[in-house]
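Coordinates as given in run_4.txt (compact mmCIF, C-alpha atoms (C1' of nucleotides)):
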# COMPACT_ATOMS: atom_id res chain seq x y z
CA MET A 1 20.45 11.63 -21.26
CA GLN A 2 20.70 11.48 -17.48
CA ILE A 3 18.03 9.99 -15.27
CA GLY A 4 16.70 13.41 -14.31
CA GLU A 5 15.83 14.32 -17.86
CA ALA A 6 14.34 10.89 -18.49
CA ALA A 7 12.24 11.43 -15.38
CA GLN A 8 11.08 14.81 -16.59
CA GLN A 9 10.23 13.51 -20.05
CA THR A 10 8.23 10.55 -18.78
CA GLY A 11 6.72 11.92 -15.60
CA ILE A 12 8.18 9.03 -13.62
CA SER A 13 10.42 10.06 -10.75
CA ALA A 14 14.12 9.19 -10.93
CA LYS A 15 13.54 7.17 -7.79
CA MET A 16 10.91 5.02 -9.48
CA ILE A 17 12.96 4.63 -12.65
CA ARG A 18 15.77 3.14 -10.60
CA HIS A 19 13.22 0.99 -8.80
CA TYR A 20 11.72 -0.30 -12.05
CA GLU A 21 15.20 -1.19 -13.18
CA GLN A 22 15.93 -2.98 -9.93
CA ILE A 23 12.80 -5.15 -10.13
CA GLY A 24 13.53 -5.95 -13.76
CA LEU A 25 10.62 -4.04 -15.27
CA ILE A 26 12.95 -2.09 -17.55
CA PRO A 27 16.45 -3.08 -18.67
CA ALA A 28 19.47 -1.47 -17.05
CA PRO A 29 20.64 1.37 -19.31
CA ASP A 30 24.20 2.05 -20.33
CA ARG A 31 26.47 3.79 -17.84
CA ARG A 32 28.85 6.63 -18.54
CA ASP A 33 32.37 6.74 -17.14
CA SER A 34 30.94 8.66 -14.23
CA ASN A 35 28.70 5.65 -13.50
CA TYR A 36 25.68 7.81 -14.30
CA ARG A 37 22.85 6.01 -16.09
CA ASP A 38 22.54 7.04 -19.74
CA TYR A 39 19.10 6.81 -21.33
CA GLY A 40 18.29 6.87 -25.02
CA HIS A 41 15.14 7.14 -27.10
CA HIS A 42 14.29 3.50 -26.70
CA ASP A 43 14.49 3.65 -22.91
CA VAL A 44 12.33 6.73 -22.72
CA HIS A 45 9.79 5.16 -25.02
CA ARG A 46 9.57 2.13 -22.77
CA LEU A 47 9.23 4.30 -19.69
CA GLY A 48 6.43 6.20 -21.39
CA PHE A 49 4.63 2.92 -21.94
CA VAL A 50 5.03 2.05 -18.27
CA ARG A 51 3.79 5.48 -17.27
CA ARG A 52 0.62 5.23 -19.32
CA ALA A 53 -0.10 1.72 -18.10
CA ARG A 54 0.39 2.85 -14.54
CA ASP A 55 -1.97 5.76 -15.08
CA LEU A 56 -4.59 3.27 -16.21
CA GLY A 57 -4.22 1.44 -12.92
CA PHE A 58 -2.32 -1.62 -14.12
CA SER A 59 -0.22 -3.27 -11.41
CA ILE A 60 3.50 -3.78 -11.85
CA ASP A 61 2.94 -7.44 -12.71
CA GLU A 62 0.31 -6.55 -15.28
CA ILE A 63 2.63 -3.95 -16.77
CA ARG A 64 5.32 -6.60 -16.95
CA ASP A 65 2.93 -8.75 -18.97
CA LEU A 66 1.97 -5.83 -21.20
CA LEU A 67 5.61 -5.05 -21.89
CA ARG A 68 6.20 -8.68 -22.81
CA LEU A 69 3.30 -8.50 -25.23
CA TRP A 70 4.57 -5.21 -26.63
CA ASP A 71 7.93 -6.81 -27.33
CA ASP A 72 6.41 -9.94 -28.75
CA ARG A 73 5.81 -9.74 -32.48
CA GLN A 74 3.99 -13.05 -32.19
CA ARG A 75 1.42 -11.65 -29.79
CA THR A 76 -2.24 -11.68 -30.66
CA SER A 77 -4.56 -8.80 -29.94
CA ALA A 78 -6.73 -11.37 -28.16
CA ASP A 79 -3.95 -11.75 -25.56
CA VAL A 80 -3.83 -8.02 -24.97
CA LYS A 81 -7.59 -7.72 -24.83
CA ARG A 82 -7.87 -10.57 -22.32
CA LEU A 83 -5.39 -8.90 -20.01
CA THR A 84 -7.15 -5.58 -20.37
CA GLU A 85 -10.56 -7.00 -19.68
CA ALA A 86 -9.30 -8.77 -16.59
CA HIS A 87 -8.07 -5.42 -15.37
CA ILE A 88 -11.37 -3.76 -16.19
CA ALA A 89 -13.13 -6.44 -14.13
CA GLU A 90 -10.74 -5.74 -11.28
CA LEU A 91 -11.51 -2.03 -11.48
CA ASP A 92 -15.23 -2.79 -11.52
CA ARG A 93 -14.84 -4.84 -8.37
CA LYS A 94 -13.05 -2.01 -6.61
CA ILE A 95 -15.56 0.55 -7.78
CA LEU A 96 -18.42 -1.59 -6.53
CA LEU A 97 -16.80 -1.98 -3.13
CA LEU A 98 -16.20 1.74 -2.78
CA ARG A 99 -19.73 2.53 -3.91
CA GLU A 100 -21.15 0.21 -1.30
CA MET A 101 -19.13 1.94 1.37
CA ARG A 102 -20.16 5.29 0.04
CA ASN A 103 -23.83 4.41 0.00
CA SER A 104 -23.79 3.04 3.54
CA LEU A 105 -22.02 6.14 4.75
CA SER A 106 -24.26 8.62 3.03
CA GLY A 107 -27.27 6.82 4.49
CA LEU A 108 -25.79 7.28 7.93
CA ALA A 109 -24.75 10.87 7.27
CA ASP A 110 -28.24 11.70 6.06
CA ALA A 111 -29.66 10.34 9.30
CA CYS A 112 -27.30 12.46 11.36
CA ASP A 113 -28.52 15.88 12.41
CA GLY A 114 -25.03 17.34 12.49
CA ASN A 115 -25.88 19.68 15.32
CA ASP A 116 -24.28 20.40 18.71
CA ARG A 117 -25.87 17.46 20.51
CA PRO A 118 -23.95 14.21 21.01
CA ASP A 119 -26.61 11.81 19.68
CA CYS A 120 -25.41 10.48 16.37
CA PRO A 121 -26.63 7.54 14.31
CA ILE A 122 -23.20 7.22 12.72
CA ILE A 123 -21.57 6.53 16.07
CA HIS A 124 -24.48 4.33 17.10
CA SER A 125 -24.14 2.26 14.00
CA LEU A 126 -20.38 1.87 14.37
CA ALA A 127 -20.96 0.88 17.98
CA GLY A 128 -23.08 -2.00 16.73
CA GLU A 129 -26.46 -0.69 17.66
CA ALA A 130 -29.01 -1.14 14.90
CA LEU A 131 -30.40 2.05 13.44
CA PRO A 132 -34.09 2.54 14.05
CA PRO A 133 -35.94 2.35 10.75
CA ALA A 134 -36.13 5.78 9.16
CA GLU A 135 -39.44 7.35 10.08
CA SER A 136 -41.23 9.77 7.85
CA THR A 137 -41.41 13.28 9.27
CA ARG A 138 -45.15 12.83 9.51
CA GLY A 139 -44.92 9.48 11.29
CA MET B 1 -11.33 -14.47 26.81
CA GLN B 2 -8.15 -15.15 24.84
CA ILE B 3 -7.18 -13.27 21.74
CA GLY B 4 -8.33 -16.09 19.46
CA GLU B 5 -11.90 -15.90 20.67
CA ALA B 6 -11.88 -12.09 20.51
CA ALA B 7 -10.66 -12.44 16.94
CA GLN B 8 -13.43 -14.84 16.09
CA GLN B 9 -16.11 -12.66 17.67
CA THR B 10 -14.99 -9.49 15.93
CA GLY B 11 -13.73 -10.82 12.63
CA ILE B 12 -10.38 -9.10 13.18
CA SER B 13 -7.39 -11.44 13.07
CA ALA B 14 -5.39 -11.96 16.26
CA LYS B 15 -2.47 -10.55 14.35
CA MET B 16 -4.28 -7.30 13.66
CA ILE B 17 -5.64 -7.06 17.21
CA ARG B 18 -2.08 -7.12 18.54
CA HIS B 19 -1.13 -4.59 15.88
CA TYR B 20 -3.96 -2.23 16.84
CA GLU B 21 -2.81 -2.46 20.42
CA GLN B 22 0.77 -1.73 19.43
CA ILE B 23 -0.13 1.41 17.51
CA GLY B 24 -2.35 2.59 20.35
CA LEU B 25 -5.66 2.21 18.59
CA ILE B 26 -7.02 0.03 21.38
CA PRO B 27 -5.84 -0.14 24.98
CA ALA B 28 -3.65 -3.03 26.11
CA PRO B 29 -5.91 -5.57 27.79
CA ASP B 30 -5.20 -7.30 31.09
CA ARG B 31 -2.80 -10.20 31.08
CA ARG B 32 -3.20 -13.53 32.83
CA ASP B 33 -0.42 -15.19 34.80
CA SER B 34 0.48 -16.98 31.58
CA ASN B 35 1.06 -13.57 29.97
CA TYR B 36 -1.86 -14.28 27.64
CA ARG B 37 -3.99 -11.26 26.77
CA ASP B 38 -7.41 -11.36 28.46
CA TYR B 39 -10.27 -9.57 26.71
CA GLY B 40 -13.61 -8.59 28.22
CA HIS B 41 -16.90 -7.28 26.89
CA HIS B 42 -15.67 -3.74 26.68
CA ASP B 43 -12.63 -4.69 24.61
CA VAL B 44 -14.67 -6.76 22.21
CA HIS B 45 -17.18 -3.93 21.84
CA ARG B 46 -14.39 -1.53 20.94
CA LEU B 47 -12.92 -3.97 18.47
CA GLY B 48 -16.33 -4.36 16.87
CA PHE B 49 -16.44 -0.60 16.40
CA VAL B 50 -13.04 -0.68 14.73
CA ARG B 51 -14.14 -3.55 12.53
CA ARG B 52 -17.22 -1.76 11.26
CA ALA B 53 -15.32 1.47 10.66
CA ARG B 54 -12.67 -0.45 8.76
CA ASP B 55 -15.35 -2.11 6.64
CA LEU B 56 -16.60 1.35 5.72
CA GLY B 57 -13.17 2.23 4.45
CA PHE B 58 -12.03 4.54 7.23
CA SER B 59 -8.26 4.73 7.63
CA ILE B 60 -6.57 3.94 10.91
CA ASP B 61 -6.19 7.63 11.66
CA GLU B 62 -9.83 8.30 10.93
CA ILE B 63 -10.82 5.36 13.13
CA ARG B 64 -8.66 6.83 15.86
CA ASP B 65 -10.64 10.06 15.56
CA LEU B 66 -13.94 8.19 15.54
CA LEU B 67 -12.98 6.29 18.69
CA ARG B 68 -12.08 9.54 20.39
CA LEU B 69 -15.49 10.92 19.47
CA TRP B 70 -17.18 7.74 20.65
CA ASP B 71 -15.47 8.09 24.02
CA ASP B 72 -16.19 11.79 24.26
CA ARG B 73 -19.51 12.56 25.90
CA GLN B 74 -18.97 16.18 24.95
CA ARG B 75 -18.86 15.37 21.25
CA THR B 76 -21.32 16.92 18.87
CA SER B 77 -22.96 15.01 16.07
CA ALA B 78 -21.67 17.78 13.81
CA ASP B 79 -18.12 16.60 14.56
CA VAL B 80 -18.98 13.06 13.60
CA LYS B 81 -20.83 14.13 10.50
CA ARG B 82 -17.96 16.33 9.36
CA LEU B 83 -15.51 13.46 9.65
CA THR B 84 -17.90 11.16 7.84
CA GLU B 85 -18.52 13.55 5.00
CA ALA B 86 -14.81 14.10 4.53
CA HIS B 87 -14.47 10.36 4.16
CA ILE B 88 -17.35 10.23 1.71
CA ALA B 89 -15.63 12.89 -0.37
CA GLU B 90 -12.46 10.84 -0.28
CA LEU B 91 -14.36 7.79 -1.49
CA ASP B 92 -15.96 9.84 -4.25
CA ARG B 93 -12.53 10.96 -5.40
CA LYS B 94 -11.29 7.39 -5.55
CA ILE B 95 -14.40 6.20 -7.34
CA LEU B 96 -14.05 8.95 -9.91
CA LEU B 97 -10.43 8.07 -10.55
CA LEU B 98 -11.23 4.40 -11.00
CA ARG B 99 -14.16 5.19 -13.27
CA GLU B 100 -11.95 7.33 -15.48
CA MET B 101 -9.47 4.48 -15.78
CA ARG B 102 -12.27 2.07 -16.46
CA ASN B 103 -13.79 4.24 -19.16
CA SER B 104 -10.49 4.78 -20.94
CA LEU B 105 -9.79 1.09 -20.84
CA SER B 106 -13.16 0.00 -22.09
CA GLY B 107 -12.83 2.46 -24.97
CA LEU B 108 -9.55 0.83 -25.90
CA ALA B 109 -10.88 -2.68 -25.40
CA ASP B 110 -13.85 -1.92 -27.62
CA ALA B 111 -11.50 -0.77 -30.36
CA CYS B 112 -9.48 -3.99 -30.11
CA ASP B 113 -10.52 -6.83 -32.33
CA GLY B 114 -9.28 -9.47 -29.93
CA ASN B 115 -8.31 -11.81 -32.72
CA ASP B 116 -5.13 -13.72 -33.56
CA ARG B 117 -3.42 -10.80 -35.29
CA PRO B 118 -0.87 -8.66 -33.44
CA ASP B 119 -2.36 -5.23 -34.27
CA CYS B 120 -3.89 -3.84 -31.14
CA PRO B 121 -5.03 -0.31 -30.34
CA ILE B 122 -4.48 -0.99 -26.63
CA ILE B 123 -0.77 -1.60 -27.18
CA HIS B 124 -0.58 1.27 -29.65
CA SER B 125 -2.10 3.62 -27.16
CA LEU B 126 0.19 2.51 -24.34
CA ALA B 127 3.11 2.93 -26.71
CA GLY B 128 2.14 6.57 -27.07
CA GLU B 129 0.73 6.45 -30.56
CA ALA B 130 -2.51 8.35 -30.86
CA LEU B 131 -5.51 6.26 -31.72
CA PRO B 132 -7.01 7.07 -35.11
CA PRO B 133 -10.45 8.61 -34.60
CA ALA B 134 -13.07 5.88 -34.54
CA GLU B 135 -14.51 5.54 -38.02
CA SER B 136 -18.03 4.43 -38.64
CA THR B 137 -18.23 1.09 -40.41
CA ARG B 138 -19.68 2.93 -43.39
CA GLY B 139 -16.95 5.60 -43.36
C1' DC C 1 3.29 -38.49 34.69
C1' DA C 2 4.26 -37.85 29.70
C1' DT C 3 3.02 -36.76 25.30
C1' DG C 4 0.60 -34.18 21.96
C1' DC C 5 -2.02 -30.56 20.27
C1' DA C 6 -4.02 -26.09 20.16
C1' DC C 7 -3.22 -21.91 21.58
C1' DC C 8 -0.47 -18.09 23.04
C1' DT C 9 3.97 -14.95 23.17
C1' DT C 10 7.54 -11.86 20.77
C1' DC C 11 10.36 -10.83 16.80
C1' DC C 12 11.46 -10.35 12.09
C1' DC C 13 10.27 -10.17 7.22
C1' DA C 14 7.10 -9.53 3.08
C1' DT C 15 3.74 -7.20 0.32
C1' DC C 16 2.92 -2.55 -3.36
C1' DA C 17 4.22 1.80 -5.07
C1' DT C 18 6.30 5.54 -3.60
C1' DG C 19 8.94 9.01 -1.03
C1' DG C 20 12.59 10.70 2.19
C1' DT C 21 17.17 11.17 3.71
C1' DA C 22 22.09 10.53 4.31
C1' DA C 23 26.77 10.18 2.72
C1' DG C 24 29.36 10.61 -0.95
C1' DG C 25 30.89 11.06 -6.22
C1' DT C 26 30.72 14.04 -10.79
C1' DC C 27 30.63 17.93 -13.47
C1' DA C 28 30.05 22.54 -15.26
C1' DA C 29 30.12 27.42 -14.29
C1' DG C 30 31.80 31.10 -11.77
C1' DC D 1 38.87 26.16 -6.07
C1' DT D 2 34.38 26.61 -4.59
C1' DT D 3 29.49 26.29 -5.29
C1' DG D 4 25.59 24.07 -6.72
C1' DA D 5 23.07 20.88 -9.38
C1' DC D 6 23.07 16.53 -10.44
C1' DC D 7 24.11 11.71 -9.81
C1' DT D 8 25.27 7.17 -6.97
C1' DT D 9 24.00 3.53 -3.35
C1' DA D 10 21.86 2.26 0.96
C1' DC D 11 18.58 2.38 4.45
C1' DC D 12 13.98 3.54 6.43
C1' DA D 13 9.01 4.84 6.11
C1' DT D 14 4.26 4.54 4.70
C1' DG D 15 -0.90 1.32 5.50
C1' DA D 16 -3.00 -2.81 6.38
C1' DT D 17 -2.16 -7.22 6.48
C1' DG D 18 -0.06 -11.84 6.41
C1' DG D 19 3.67 -15.46 7.12
C1' DG D 20 6.74 -17.81 9.81
C1' DA D 21 10.15 -18.99 13.47
C1' DA D 22 11.25 -20.10 18.19
C1' DG D 23 9.51 -20.83 22.34
C1' DG D 24 5.93 -20.80 26.48
C1' DT D 25 1.05 -22.37 28.33
C1' DG D 26 -2.64 -25.30 29.18
C1' DC D 27 -5.68 -29.01 28.66
C1' DA D 28 -6.94 -33.79 27.35
C1' DT D 29 -5.71 -38.29 26.61
C1' DG D 30 -2.66 -42.32 26.92

Give the structure from the file, written as structure tokens.
Amino acid sequence: MQIGEAAQQTGISAKMIRHYEQIGLIPAPDRRDSNYRDYGHHDVHRLGFVRRARDLGFSIDEIRDLLRLWDDRQRTSADVKRLTEAHIAELDRKILLLREMRNSLSGLADACDGNDRPDCPIIHSLAGEALPPAESTRG
Amino acid sequence: MQIGEAAQQTGISAKMIRHYEQIGLIPAPDRRDSNYRDYGHHDVHRLGFVRRARDLGFSIDEIRDLLRLWDDRQRTSADVKRLTEAHIAELDRKILLLREMRNSLSGLADACDGNDRPDCPIIHSLAGEALPPAESTRG
DNA sequence: CATGCACCTTCCCATCATGGTAAGGTCAAG
DNA sequence: CTTGACCTTACCATGATGGGAAGGTGCATG
């Protein structure tokens, strides 16, 4: 099949399929006389693997490792699990970072009246002025 | 002061300070006879603002908007709050996506024995083979 | 004064994953 | 024989950041 159909079947754009070939993530497929790439079952299967790994947030290099393990009959599930858990730890790190940002921001947003006056603790905080400690409404 | 000291005081690399100037995020500072950039209090203050916004995950374009609001005496805190809450929503979206990846992966990792045999539900799943429903150990 | 060293300047290139566009070739249907 | 959908390669862009080269500036020390 042509690259367009392979793209449709895998959900990877034709552009990215060519790119993955160029960086050696997937082997170059056969060419027809027209010089068009010609994909078979095996190629599409491999692309599907890449697609799912990508959807799980694996980087290109990690996907490269996963493909090597997939191909390797001598692999151990411990190898695969190690790689996966490293990626989970990476995701956890990112999630933590984003949550910290989110929490800081919602604290600031809560302290902001959001009215038509210019005074704004968000701007104050970004400008490097410490926020006054939150006072209770009764204070 | 020279760019190096401004970099040290703000925690933004000299490289990035020049970049921010080039894309119009910060104004070009004065130059000395030597053609060296010469930064004053005001510049460093502005860079500090950028630094803190960056640390909160705002994009360059959002920081541009925030700087405009900072400069604008006519701003309303509602404007600032709106921008901030849009960014919070963006963070929430990213966090959700990462958490979904993380959950899928930990499900797979849990199902993987992590031993010296090649069978691995992680690889199976990436290869597009449905996981068998988890059986209880008594099942 | 000369040398060296730390700093500065501009310019170009790289990352990662992806998309856009341009200029041209192929092929099937009308 | 034209039209249109598809393919080819090649180049450029994103966002935020870093690396490095080639060369100028400025200060301290020999």

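Selecting chain D residues within 12 Å of chain A and counting only C-alpha atoms (C1' of nucleotides) yields DA5, DC6, DC7, DT8 and DT9 of chain D.
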
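Taking CA of Ile95 (chain B) and CA of Asn103 (chain A) as the two end points, the separation is 12.1 Å.
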
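In this structure, the chain C residues at most 12 Å away from chain B are DA6, DC7, DC8, DT9 and DT10 of chain C, with only C-alpha atoms (C1' of nucleotides) considered.
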
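Across the structure, CA of Leu126 (chain B) and CA of Arg52 (chain A) are spaced 5.7 Å apart.
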
Considering only C-alpha atoms, give me a table of residues in chain B that are at most 7 Å from chain A, with the closest atom pair and distance in Å for each, as a tab-separated table.
residue	atom	partner	partner_atom	distance
B:Phe49	CA	A:Ala127	CA	5.0
B:Arg52	CA	A:Leu126	CA	5.7
B:Ala53	CA	A:Leu126	CA	6.3
B:Leu56	CA	A:Met101	CA	5.1
B:Gly57	CA	A:Met101	CA	6.7
B:Trp70	CA	A:Ile123	CA	6.5
B:Arg73	CA	A:Pro118	CA	6.8
B:Gln74	CA	A:Pro118	CA	6.6
B:Arg75	CA	A:Pro118	CA	5.2
B:Thr76	CA	A:Pro118	CA	4.3
B:Ser77	CA	A:Gly114	CA	4.7
B:Ala78	CA	A:Gly114	CA	3.6
B:Lys81	CA	A:Gly114	CA	5.6
B:Thr84	CA	A:Ala109	CA	6.9
B:Ile88	CA	A:Arg102	CA	5.9
B:Leu91	CA	A:Leu98	CA	6.5
B:Ile95	CA	A:Ile95	CA	5.8
B:Leu98	CA	A:Leu91	CA	6.5
B:Met101	CA	A:Leu56	CA	5.0
B:Arg102	CA	A:Ile88	CA	5.9
B:Leu105	CA	A:Ile88	CA	6.9
B:Ala109	CA	A:Lys81	CA	6.0
B:Cys112	CA	A:Lys81	CA	6.7
B:Asp113	CA	A:Ser77	CA	6.7
B:Gly114	CA	A:Ala78	CA	3.6
B:Asn115	CA	A:Ala78	CA	4.8
B:Asp116	CA	A:Thr76	CA	4.6
B:Arg117	CA	A:Thr76	CA	4.9
B:Pro118	CA	A:Thr76	CA	4.3
B:Asp119	CA	A:Ser77	CA	6.0
B:Cys120	CA	A:Ser77	CA	5.1
B:Ile123	CA	A:Trp70	CA	6.5
B:Leu126	CA	A:Phe49	CA	5.1
B:Ala127	CA	A:Phe49	CA	5.0
B:Gly128	CA	A:Phe49	CA	6.8

For the selection you just gave me, I'd like the residues written to a file as an mmCIF file, keeping the file's coordinate frame, keeping C-alpha atoms.
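Output contents, as saved in out_0.cif:
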data_model
loop_
_atom_site.group_PDB
_atom_site.id
_atom_site.type_symbol
_atom_site.label_atom_id
_atom_site.label_comp_id
_atom_site.auth_asym_id
_atom_site.auth_seq_id
_atom_site.Cartn_x
_atom_site.Cartn_y
_atom_site.Cartn_z
ATOM 1 C CA PHE B 49 -16.440 -0.600 16.400
ATOM 2 C CA ARG B 52 -17.220 -1.760 11.260
ATOM 3 C CA ALA B 53 -15.320 1.470 10.660
ATOM 4 C CA LEU B 56 -16.600 1.350 5.720
ATOM 5 C CA GLY B 57 -13.170 2.230 4.450
ATOM 6 C CA TRP B 70 -17.180 7.740 20.650
ATOM 7 C CA ARG B 73 -19.510 12.560 25.900
ATOM 8 C CA GLN B 74 -18.970 16.180 24.950
ATOM 9 C CA ARG B 75 -18.860 15.370 21.250
ATOM 10 C CA THR B 76 -21.320 16.920 18.870
ATOM 11 C CA SER B 77 -22.960 15.010 16.070
ATOM 12 C CA ALA B 78 -21.670 17.780 13.810
ATOM 13 C CA LYS B 81 -20.830 14.130 10.500
ATOM 14 C CA THR B 84 -17.900 11.160 7.840
ATOM 15 C CA ILE B 88 -17.350 10.230 1.710
ATOM 16 C CA LEU B 91 -14.360 7.790 -1.490
ATOM 17 C CA ILE B 95 -14.400 6.200 -7.340
ATOM 18 C CA LEU B 98 -11.230 4.400 -11.000
ATOM 19 C CA MET B 101 -9.470 4.480 -15.780
ATOM 20 C CA ARG B 102 -12.270 2.070 -16.460
ATOM 21 C CA LEU B 105 -9.790 1.090 -20.840
ATOM 22 C CA ALA B 109 -10.880 -2.680 -25.400
ATOM 23 C CA CYS B 112 -9.480 -3.990 -30.110
ATOM 24 C CA ASP B 113 -10.520 -6.830 -32.330
ATOM 25 C CA GLY B 114 -9.280 -9.470 -29.930
ATOM 26 C CA ASN B 115 -8.310 -11.810 -32.720
ATOM 27 C CA ASP B 116 -5.130 -13.720 -33.560
ATOM 28 C CA ARG B 117 -3.420 -10.800 -35.290
ATOM 29 C CA PRO B 118 -0.870 -8.660 -33.440
ATOM 30 C CA ASP B 119 -2.360 -5.230 -34.270
ATOM 31 C CA CYS B 120 -3.890 -3.840 -31.140
ATOM 32 C CA ILE B 123 -0.770 -1.600 -27.180
ATOM 33 C CA LEU B 126 0.190 2.510 -24.340
ATOM 34 C CA ALA B 127 3.110 2.930 -26.710
ATOM 35 C CA GLY B 128 2.140 6.570 -27.070
#

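Checking C:DA2, C:DA28, C:DA22, C:DA14 one by one against DG30 (chain D), counting only C-alpha atoms (C1' of nucleotides), you find the shortest gap at C:DA2.
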
Just want the 9 Å neighbourhood of Val44 (chain B), counted on all atoms listed in the file, with same-chain residues fewer than 6 positions away dropped. Output as a count of residues only. 4

Residues within 12 Å of Tyr20 (chain A), only C-alpha atoms (C1' of nucleotides), excluding chain neighbours under 2 positions, as a PyMOL selection string: (chain A and resi 12-18+22-29+43+46-47+50-51+60-61+63-64) or (chain C and resi 17-18)

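The coordinates place CA of Arg68 (chain B) at 19.8 Å from CA of Gly40 (chain B).
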
Test item: residues at most 12 Å from DG4 (chain C), all atoms listed in the file, excluding those fewer than 3 positions along its chain, as a PyMOL selection string: chain D and resi 26-30

File output, region 87-101 of chain A (N, CA and C atoms) as a short mmCIF file (atom, residue, chain, number, x, y, z; two decimals), in the first residue's frame:
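The resulting out13.cif:
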data_model
loop_
_atom_site.label_atom_id
_atom_site.label_comp_id
_atom_site.auth_asym_id
_atom_site.auth_seq_id
_atom_site.Cartn_x
_atom_site.Cartn_y
_atom_site.Cartn_z
N HIS A 87 10.21 5.43 32.45
CA HIS A 87 9.34 6.40 31.79
C HIS A 87 8.23 6.87 32.74
N ILE A 88 7.71 5.94 33.52
CA ILE A 88 6.70 6.34 34.50
C ILE A 88 7.29 7.38 35.47
N ALA A 89 8.52 7.15 35.90
CA ALA A 89 9.16 8.09 36.82
C ALA A 89 9.31 9.47 36.17
N GLU A 90 9.62 9.44 34.89
CA GLU A 90 9.77 10.68 34.12
C GLU A 90 8.42 11.41 34.06
N LEU A 91 7.37 10.65 33.81
CA LEU A 91 6.03 11.26 33.77
C LEU A 91 5.68 11.84 35.14
N ASP A 92 6.01 11.10 36.19
CA ASP A 92 5.71 11.58 37.54
C ASP A 92 6.42 12.90 37.82
N ARG A 93 7.64 12.99 37.35
CA ARG A 93 8.41 14.22 37.55
C ARG A 93 7.72 15.39 36.84
N LYS A 94 7.30 15.15 35.62
CA LYS A 94 6.63 16.21 34.87
C LYS A 94 5.31 16.61 35.52
N ILE A 95 4.57 15.59 35.95
CA ILE A 95 3.28 15.87 36.59
C ILE A 95 3.48 16.71 37.84
N LEU A 96 4.49 16.34 38.62
CA LEU A 96 4.76 17.07 39.85
C LEU A 96 5.07 18.53 39.55
N LEU A 97 5.92 18.75 38.56
CA LEU A 97 6.30 20.11 38.18
C LEU A 97 5.07 20.92 37.78
N LEU A 98 4.24 20.33 36.95
CA LEU A 98 3.05 21.04 36.48
C LEU A 98 2.09 21.31 37.63
N ARG A 99 1.99 20.35 38.55
CA ARG A 99 1.09 20.54 39.68
C ARG A 99 1.58 21.67 40.59
N GLU A 100 2.89 21.77 40.73
CA GLU A 100 3.43 22.86 41.54
C GLU A 100 3.11 24.21 40.90
N MET A 101 3.29 24.27 39.60
CA MET A 101 2.93 25.51 38.90
C MET A 101 1.45 25.81 39.10
#
